[in-house]
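Here is the file data.pdb (PDB, C-alpha atoms).
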ATOM      1  CA  MET R  10     175.370 165.327   9.063  1.00  0.00           C
ATOM      2  CA  ALA R  11     177.391 168.426   9.914  1.00  0.00           C
ATOM      3  CA  LYS R  12     178.451 170.781   7.156  1.00  0.00           C
ATOM      4  CA  THR R  13     182.012 172.057   7.303  1.00  0.00           C
ATOM      5  CA  ALA R  14     184.304 174.603   5.699  1.00  0.00           C
ATOM      6  CA  THR R  15     188.098 174.512   5.853  1.00  0.00           C
ATOM      7  CA  LEU R  16     190.623 177.304   5.519  1.00  0.00           C
ATOM      8  CA  LYS R  17     194.041 175.928   4.669  1.00  0.00           C
ATOM      9  CA  ALA R  18     196.237 178.387   6.541  1.00  0.00           C
ATOM     10  CA  LYS R  19     199.069 176.233   7.847  1.00  0.00           C
ATOM     11  CA  ASN R  20     201.747 178.260   6.049  1.00  0.00           C
ATOM     12  CA  PHE R  21     200.486 181.549   7.487  1.00  0.00           C
ATOM     13  CA  LEU R  22     198.793 180.732  10.782  1.00  0.00           C
ATOM     14  CA  GLY R  23     200.488 177.460  11.707  1.00  0.00           C
ATOM     15  CA  LYS R  24     197.401 175.322  11.203  1.00  0.00           C
ATOM     16  CA  ASP R  25     194.358 174.730   9.029  1.00  0.00           C
ATOM     17  CA  PHE R  26     190.940 175.694  10.357  1.00  0.00           C
ATOM     18  CA  THR R  27     187.812 173.595   9.920  1.00  0.00           C
ATOM     19  CA  ILE R  28     184.522 174.914  11.205  1.00  0.00           C
ATOM     20  CA  MET R  29     181.100 173.326  11.239  1.00  0.00           C
ATOM     21  CA  ASP R  30     177.560 174.589  10.996  1.00  0.00           C
ATOM     22  CA  SER R  31     177.080 175.130  14.719  1.00  0.00           C
ATOM     23  CA  MET R  32     174.555 177.677  15.927  1.00  0.00           C
ATOM     24  CA  ALA R  33     177.431 179.833  17.222  1.00  0.00           C
ATOM     25  CA  ASN R  34     179.037 179.911  13.761  1.00  0.00           C
ATOM     26  CA  ILE R  35     175.730 180.600  12.036  1.00  0.00           C
ATOM     27  CA  LYS R  36     175.157 183.556  14.381  1.00  0.00           C
ATOM     28  CA  LYS R  37     178.611 184.897  13.500  1.00  0.00           C
ATOM     29  CA  ILE R  38     177.915 184.471   9.797  1.00  0.00           C
ATOM     30  CA  ASN R  39     174.547 186.234  10.063  1.00  0.00           C
ATOM     31  CA  ALA R  40     176.154 189.148  11.909  1.00  0.00           C
ATOM     32  CA  GLY R  41     178.976 189.246   9.375  1.00  0.00           C
ATOM     33  CA  ILE R  42     176.680 189.342   6.358  1.00  0.00           C
ATOM     34  CA  LYS R  43     174.652 192.118   7.979  1.00  0.00           C
ATOM     35  CA  GLU R  44     177.850 194.117   8.512  1.00  0.00           C
ATOM     36  CA  LEU R  45     178.930 193.497   4.930  1.00  0.00           C
ATOM     37  CA  TYR R  46     175.647 194.806   3.509  1.00  0.00           C
ATOM     38  CA  LYS R  47     175.745 197.746   5.928  1.00  0.00           C
ATOM     39  CA  ARG R  48     179.169 198.694   4.545  1.00  0.00           C
ATOM     40  CA  ILE R  49     177.910 198.341   0.950  1.00  0.00           C
ATOM     41  CA  ASN R  50     174.967 200.618   1.793  1.00  0.00           C
ATOM     42  CA  GLU R  51     177.408 203.160   3.239  1.00  0.00           C
ATOM     43  CA  VAL R  52     179.195 203.256  -0.135  1.00  0.00           C
ATOM     44  CA  ASP R  53     175.847 203.924  -1.827  1.00  0.00           C
ATOM     45  CA  GLU R  54     175.031 206.703   0.629  1.00  0.00           C
ATOM     46  CA  LYS R  55     178.445 208.415   0.452  1.00  0.00           C
ATOM     47  CA  GLU R  56     179.019 208.284  -3.302  1.00  0.00           C
ATOM     48  CA  ASP R  57     176.759 209.670  -6.024  1.00  0.00           C
ATOM     49  CA  ASN R  58     178.308 207.344  -8.602  1.00  0.00           C
ATOM     50  CA  PRO R  59     180.195 204.644  -6.718  1.00  0.00           C
ATOM     51  CA  LEU R  60     182.768 202.628  -8.615  1.00  0.00           C
ATOM     52  CA  PHE R  61     182.915 198.864  -8.503  1.00  0.00           C
ATOM     53  CA  ALA R  62     186.351 199.352  -6.938  1.00  0.00           C
ATOM     54  CA  ASP R  63     184.639 201.077  -3.985  1.00  0.00           C
ATOM     55  CA  TYR R  64     182.417 198.043  -3.464  1.00  0.00           C
ATOM     56  CA  ASN R  65     185.325 195.662  -3.941  1.00  0.00           C
ATOM     57  CA  THR R  66     187.351 197.419  -1.246  1.00  0.00           C
ATOM     58  CA  VAL R  67     184.504 197.122   1.231  1.00  0.00           C
ATOM     59  CA  ILE R  68     183.773 193.493   0.345  1.00  0.00           C
ATOM     60  CA  THR R  69     187.387 192.320   0.579  1.00  0.00           C
ATOM     61  CA  GLU R  70     188.017 194.141   3.855  1.00  0.00           C
ATOM     62  CA  GLU R  71     184.847 192.783   5.395  1.00  0.00           C
ATOM     63  CA  VAL R  72     185.409 189.191   4.208  1.00  0.00           C
ATOM     64  CA  VAL R  73     188.838 189.161   5.861  1.00  0.00           C
ATOM     65  CA  LYS R  74     187.458 190.775   9.024  1.00  0.00           C
ATOM     66  CA  GLN R  75     184.503 188.392   9.238  1.00  0.00           C
ATOM     67  CA  THR R  76     186.701 185.366   8.533  1.00  0.00           C
ATOM     68  CA  ALA R  77     188.891 186.382  11.465  1.00  0.00           C
ATOM     69  CA  LYS R  78     185.834 186.686  13.710  1.00  0.00           C
ATOM     70  CA  LEU R  79     184.493 183.343  12.546  1.00  0.00           C
ATOM     71  CA  LEU R  80     187.811 181.682  13.383  1.00  0.00           C
ATOM     72  CA  ASN R  81     188.283 183.590  16.672  1.00  0.00           C
ATOM     73  CA  LEU R  82     191.673 184.875  15.513  1.00  0.00           C
ATOM     74  CA  THR R  83     193.849 187.248  17.496  1.00  0.00           C
ATOM     75  CA  LYS R  84     194.666 190.704  16.101  1.00  0.00           C
ATOM     76  CA  GLU R  85     198.107 189.418  15.142  1.00  0.00           C
ATOM     77  CA  ASP R  86     196.682 186.420  13.258  1.00  0.00           C
ATOM     78  CA  THR R  87     194.036 188.617  11.645  1.00  0.00           C
ATOM     79  CA  LYS R  88     196.840 190.765  10.238  1.00  0.00           C
ATOM     80  CA  LYS R  89     198.465 187.594   8.835  1.00  0.00           C
ATOM     81  CA  LEU R  90     195.278 186.867   6.877  1.00  0.00           C
ATOM     82  CA  GLU R  91     196.109 189.891   4.734  1.00  0.00           C
ATOM     83  CA  SER R  92     199.225 188.044   3.478  1.00  0.00           C
ATOM     84  CA  MET R  93     197.223 184.990   2.420  1.00  0.00           C
ATOM     85  CA  SER R  94     195.589 184.433  -0.924  1.00  0.00           C
ATOM     86  CA  TYR R  95     192.348 186.384  -0.932  1.00  0.00           C
ATOM     87  CA  ALA R  96     190.850 183.712  -3.188  1.00  0.00           C
ATOM     88  CA  ASP R  97     191.461 181.111  -0.465  1.00  0.00           C
ATOM     89  CA  ILE R  98     189.917 183.314   2.221  1.00  0.00           C
ATOM     90  CA  SER R  99     186.977 184.265   0.018  1.00  0.00           C
ATOM     91  CA  ASP R 100     186.332 180.648  -0.993  1.00  0.00           C
ATOM     92  CA  PHE R 101     186.362 179.571   2.656  1.00  0.00           C
ATOM     93  CA  TYR R 102     184.025 182.353   3.791  1.00  0.00           C
ATOM     94  CA  SER R 103     181.694 181.979   0.810  1.00  0.00           C
ATOM     95  CA  THR R 104     181.499 178.221   1.350  1.00  0.00           C
ATOM     96  CA  ALA R 105     180.659 178.687   5.027  1.00  0.00           C
ATOM     97  CA  VAL R 106     178.034 181.334   4.280  1.00  0.00           C
ATOM     98  CA  ASP R 107     176.412 179.376   1.457  1.00  0.00           C
ATOM     99  CA  SER R 108     176.448 175.895   2.963  1.00  0.00           C
ATOM    100  CA  PHE R 109     175.614 176.946   6.539  1.00  0.00           C
ATOM    101  CA  THR R 110     172.938 179.566   5.782  1.00  0.00           C
ATOM    102  CA  GLY R 111     171.974 179.385   2.107  1.00  0.00           C
ATOM    103  CA  MET R 112     172.981 183.033   1.626  1.00  0.00           C
ATOM    104  CA  ALA R 113     175.648 184.337  -0.740  1.00  0.00           C
ATOM    105  CA  VAL R 114     178.510 186.725  -0.148  1.00  0.00           C
ATOM    106  CA  PRO R 115     178.088 189.673  -2.508  1.00  0.00           C
ATOM    107  CA  ASN R 116     180.806 190.075  -5.102  1.00  0.00           C
ATOM    108  CA  VAL R 117     181.655 192.648  -7.731  1.00  0.00           C
ATOM    109  CA  ARG R 118     181.366 190.251 -10.666  1.00  0.00           C
ATOM    110  CA  GLU R 119     177.775 189.491  -9.734  1.00  0.00           C
ATOM    111  CA  MET R 120     177.060 193.196  -9.232  1.00  0.00           C
ATOM    112  CA  GLN R 121     178.476 193.952 -12.690  1.00  0.00           C
ATOM    113  CA  GLU R 122     176.356 191.208 -14.246  1.00  0.00           C
ATOM    114  CA  GLN R 123     173.203 192.522 -12.560  1.00  0.00           C
ATOM    115  CA  GLN R 124     173.963 196.038 -13.786  1.00  0.00           C
ATOM    116  CA  LYS R 125     174.522 194.749 -17.323  1.00  0.00           C
ATOM    117  CA  LYS R 126     171.193 192.906 -17.269  1.00  0.00           C
ATOM    118  CA  ALA R 127     169.383 196.003 -15.982  1.00  0.00           C
ATOM    119  CA  VAL R 128     170.893 198.185 -18.711  1.00  0.00           C
ATOM    120  CA  GLU R 129     169.978 195.617 -21.366  1.00  0.00           C
ATOM    121  CA  ALA R 130     166.416 195.393 -20.044  1.00  0.00           C
ATOM    122  CA  LEU R 131     166.057 199.167 -20.133  1.00  0.00           C
ATOM    123  CA  SER R 132     167.411 199.386 -23.666  1.00  0.00           C
ATOM    124  CA  GLN R 133     164.935 196.742 -24.853  1.00  0.00           C
ATOM    125  CA  GLN R 134     161.869 198.573 -23.514  1.00  0.00           C
ATOM    126  CA  ASP R 135     159.448 199.851 -26.109  1.00  0.00           C
ATOM    127  CA  PRO R 136     159.843 203.674 -26.140  1.00  0.00           C
ATOM    128  CA  LYS R 137     156.102 204.113 -26.806  1.00  0.00           C
ATOM    129  CA  GLN R 138     155.263 202.058 -23.740  1.00  0.00           C
ATOM    130  CA  SER R 139     157.629 204.096 -21.508  1.00  0.00           C
ATOM    131  CA  SER R 140     156.257 207.432 -22.637  1.00  0.00           C
ATOM    132  CA  GLU R 141     152.675 206.441 -21.910  1.00  0.00           C
ATOM    133  CA  ASN R 142     153.480 205.756 -18.248  1.00  0.00           C
TER
END
Is it possible to give me this structure as structure tokens?
Amino acid sequence: MAKTATLKAKNFLGKDFTIMDSMANIKKINAGIKELYKRINEVDEKEDNPLFADYNTVITEEVVKQTAKLLNLTKEDTKKLESMSYADISDFYSTAVDSFTGMAVPNVREMQEQQKKAVEALSQQDPKQSSEN
């Protein structure tokens, strides 16, 4: 049975969009996720101490851009996406990515949680054990 994701955009784009897990859409999602991680890596390379806001800017811009590509939107309609609820766009894109490919769209909350866990793990290390290595 086909998996689908729906973006309710009638108020902004004149219609709702439902896509399915076709090979064409999966290829677009794969390319989009690669571009998203490429942009995140660029933040890491450009900034010595990047802020979560830097990552968030890249993620939100790329999610909107990749959603537009996935829906084959015109430049004009892509611009209209910026007036929509980002939560709606993000939920749509994340649902498509997760259910069609099993991957996850990176997000700042998850990045913060991973950083917190890493800091906690480092603080719980036995100082004697660290100094011996």
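Picture a line from CA of Leu45 (chain R) to CA of Ala113 (chain R); it runs 11.3 Å.
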For the file shown, report as a ChimeraX atom specification the outcome of the PyMOL selection byres ((chain R and resi 48-60) around 12) at residue level. /R:41-47,61-72,114-117,120-121
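Going from CA of Asp25 (chain R) to CA of Phe101 (chain R) covers 11.3 Å.
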Could you tell me which of R:Met10, R:Ala77, R:Met29, R:Ala40 comes closest to Ala105 (chain R) if we count only C-alpha atoms? R:Met29
Quick one: residues within 7 Å of region 90-93 of chain R, only C-alpha atoms, excluding same-chain residues fewer than 2 positions away - as a list in words? Phe21, Val73, Asp86, Thr87, Lys88 and Tyr95 of chain R
Mind pulling up the distance from CA of Ala96 (chain R) to CA of Ala33 (chain R)? 24.7 Å
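Counting all atoms listed in the file, Met32 (chain R) has the following residues at most 12 Å away, ignoring those fewer than 5 positions along the same chain: Ala11, Lys12, Lys37, Ile38, Asn39, Leu79, Phe109 and Thr110 of chain R.
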Emit the selected residues as a PDB file, in the frame of the given file, including C-alpha atoms.
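Okay, part01.pdb is ready:
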ATOM      1  CA  ALA R  11     177.391 168.426   9.914  1.00  0.00           C
ATOM      2  CA  LYS R  12     178.451 170.781   7.156  1.00  0.00           C
ATOM      3  CA  LYS R  37     178.611 184.897  13.500  1.00  0.00           C
ATOM      4  CA  ILE R  38     177.915 184.471   9.797  1.00  0.00           C
ATOM      5  CA  ASN R  39     174.547 186.234  10.063  1.00  0.00           C
ATOM      6  CA  LEU R  79     184.493 183.343  12.546  1.00  0.00           C
ATOM      7  CA  PHE R 109     175.614 176.946   6.539  1.00  0.00           C
ATOM      8  CA  THR R 110     172.938 179.566   5.782  1.00  0.00           C
TER       9      THR R 110
END
If the PyMOL selection byres ((chain R and resi 17) around 10) were run on this exact file, what residues would it hold? Put them as a ChimeraX atom specification. /R:14-16,18-27,93,97-98,101
Write out, as a compact mmCIF listing (two decimals), in the coordinates of the input, the residues just selected, with C-alpha atoms.
# COMPACT_ATOMS: atom_id res chain seq x y z
CA ALA R 14 184.30 174.60 5.70
CA THR R 15 188.10 174.51 5.85
CA LEU R 16 190.62 177.30 5.52
CA ALA R 18 196.24 178.39 6.54
CA LYS R 19 199.07 176.23 7.85
CA ASN R 20 201.75 178.26 6.05
CA PHE R 21 200.49 181.55 7.49
CA LEU R 22 198.79 180.73 10.78
CA GLY R 23 200.49 177.46 11.71
CA LYS R 24 197.40 175.32 11.20
CA ASP R 25 194.36 174.73 9.03
CA PHE R 26 190.94 175.69 10.36
CA THR R 27 187.81 173.60 9.92
CA MET R 93 197.22 184.99 2.42
CA ASP R 97 191.46 181.11 -0.46
CA ILE R 98 189.92 183.31 2.22
CA PHE R 101 186.36 179.57 2.66
Counting all atoms listed in the file, closest pick from R:Thr13, R:Asn34, R:Ser108, R:Gln134 relative to Leu80 (chain R) is R:Asn34
Enclose region 24-35 of chain R, meaning all of its atoms listed in the file, in a box aligned along x, y and z, pad it by 6 Å on each side, and list the centre and edge lengths in Å to one decimal, as AutoDock Vina command-line options.
--center_x 186.0 --center_y 177.0 --center_z 13.1 --size_x 34.8 --size_y 19.3 --size_z 20.2
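With all atoms listed in the file as the atoms that count, the residue of R:Ser99, R:Ser132, R:Ser94, R:Gln123 with the shortest distance to Gln75 (chain R) is R:Ser99.
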With N, CA, C and O atoms retained, output region 51-66 of chain R as an mmCIF file, in the first residue's frame.
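Saved to out.cif:
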data_model
loop_
_atom_site.group_PDB
_atom_site.id
_atom_site.type_symbol
_atom_site.label_atom_id
_atom_site.label_comp_id
_atom_site.auth_asym_id
_atom_site.auth_seq_id
_atom_site.Cartn_x
_atom_site.Cartn_y
_atom_site.Cartn_z
ATOM 1 N N GLU R 51 28.623 22.903 5.960
ATOM 2 C CA GLU R 51 29.178 24.215 5.625
ATOM 3 C C GLU R 51 29.189 25.129 6.849
ATOM 4 O O GLU R 51 30.127 25.899 7.041
ATOM 5 N N VAL R 52 28.154 25.050 7.682
ATOM 6 C CA VAL R 52 28.124 25.832 8.920
ATOM 7 C C VAL R 52 29.285 25.406 9.804
ATOM 8 O O VAL R 52 30.007 26.248 10.352
ATOM 9 N N ASP R 53 29.499 24.101 9.932
ATOM 10 C CA ASP R 53 30.603 23.588 10.750
ATOM 11 C C ASP R 53 31.957 24.061 10.234
ATOM 12 O O ASP R 53 32.846 24.374 11.014
ATOM 13 N N GLU R 54 32.109 24.093 8.922
ATOM 14 C CA GLU R 54 33.382 24.487 8.322
ATOM 15 C C GLU R 54 33.637 25.985 8.428
ATOM 16 O O GLU R 54 34.778 26.416 8.582
ATOM 17 N N LYS R 55 32.590 26.802 8.347
ATOM 18 C CA LYS R 55 32.741 28.257 8.351
ATOM 19 C C LYS R 55 32.881 28.839 9.757
ATOM 20 O O LYS R 55 33.517 29.863 9.928
ATOM 21 N N GLU R 56 32.265 28.218 10.727
ATOM 22 C CA GLU R 56 32.213 28.775 12.078
ATOM 23 C C GLU R 56 33.037 27.922 13.035
ATOM 24 O O GLU R 56 32.916 26.705 13.037
ATOM 25 N N ASP R 57 33.860 28.592 13.859
ATOM 26 C CA ASP R 57 34.605 27.869 14.888
ATOM 27 C C ASP R 57 33.667 27.362 15.981
ATOM 28 O O ASP R 57 33.815 26.254 16.473
ATOM 29 N N ASN R 58 32.740 28.185 16.374
ATOM 30 C CA ASN R 58 31.756 27.834 17.406
ATOM 31 C C ASN R 58 30.359 28.179 16.899
ATOM 32 O O ASN R 58 29.783 29.186 17.299
ATOM 33 N N PRO R 59 29.818 27.359 16.009
ATOM 34 C CA PRO R 59 28.505 27.691 15.452
ATOM 35 C C PRO R 59 27.417 27.689 16.531
ATOM 36 O O PRO R 59 27.474 26.924 17.492
ATOM 37 N N LEU R 60 26.465 28.562 16.350
ATOM 38 C CA LEU R 60 25.317 28.640 17.245
ATOM 39 C C LEU R 60 24.207 27.748 16.703
ATOM 40 O O LEU R 60 24.129 27.501 15.492
ATOM 41 N N PHE R 61 23.331 27.316 17.605
ATOM 42 C CA PHE R 61 22.196 26.529 17.139
ATOM 43 C C PHE R 61 21.339 27.345 16.174
ATOM 44 O O PHE R 61 20.724 26.800 15.263
ATOM 45 N N ALA R 62 21.337 28.665 16.345
ATOM 46 C CA ALA R 62 20.595 29.531 15.430
ATOM 47 C C ALA R 62 21.145 29.430 14.007
ATOM 48 O O ALA R 62 20.387 29.521 13.032
ATOM 49 N N ASP R 63 22.465 29.245 13.873
ATOM 50 C CA ASP R 63 23.064 29.066 12.545
ATOM 51 C C ASP R 63 22.535 27.793 11.883
ATOM 52 O O ASP R 63 22.187 27.794 10.699
ATOM 53 N N TYR R 64 22.485 26.724 12.658
ATOM 54 C CA TYR R 64 21.942 25.464 12.127
ATOM 55 C C TYR R 64 20.460 25.599 11.810
ATOM 56 O O TYR R 64 19.987 25.103 10.797
ATOM 57 N N ASN R 65 19.728 26.272 12.682
ATOM 58 C CA ASN R 65 18.293 26.416 12.489
ATOM 59 C C ASN R 65 17.985 27.192 11.211
ATOM 60 O O ASN R 65 17.068 26.827 10.466
ATOM 61 N N THR R 66 18.767 28.224 10.938
ATOM 62 C CA THR R 66 18.573 28.992 9.706
ATOM 63 C C THR R 66 18.739 28.099 8.486
ATOM 64 O O THR R 66 17.908 28.104 7.574
#
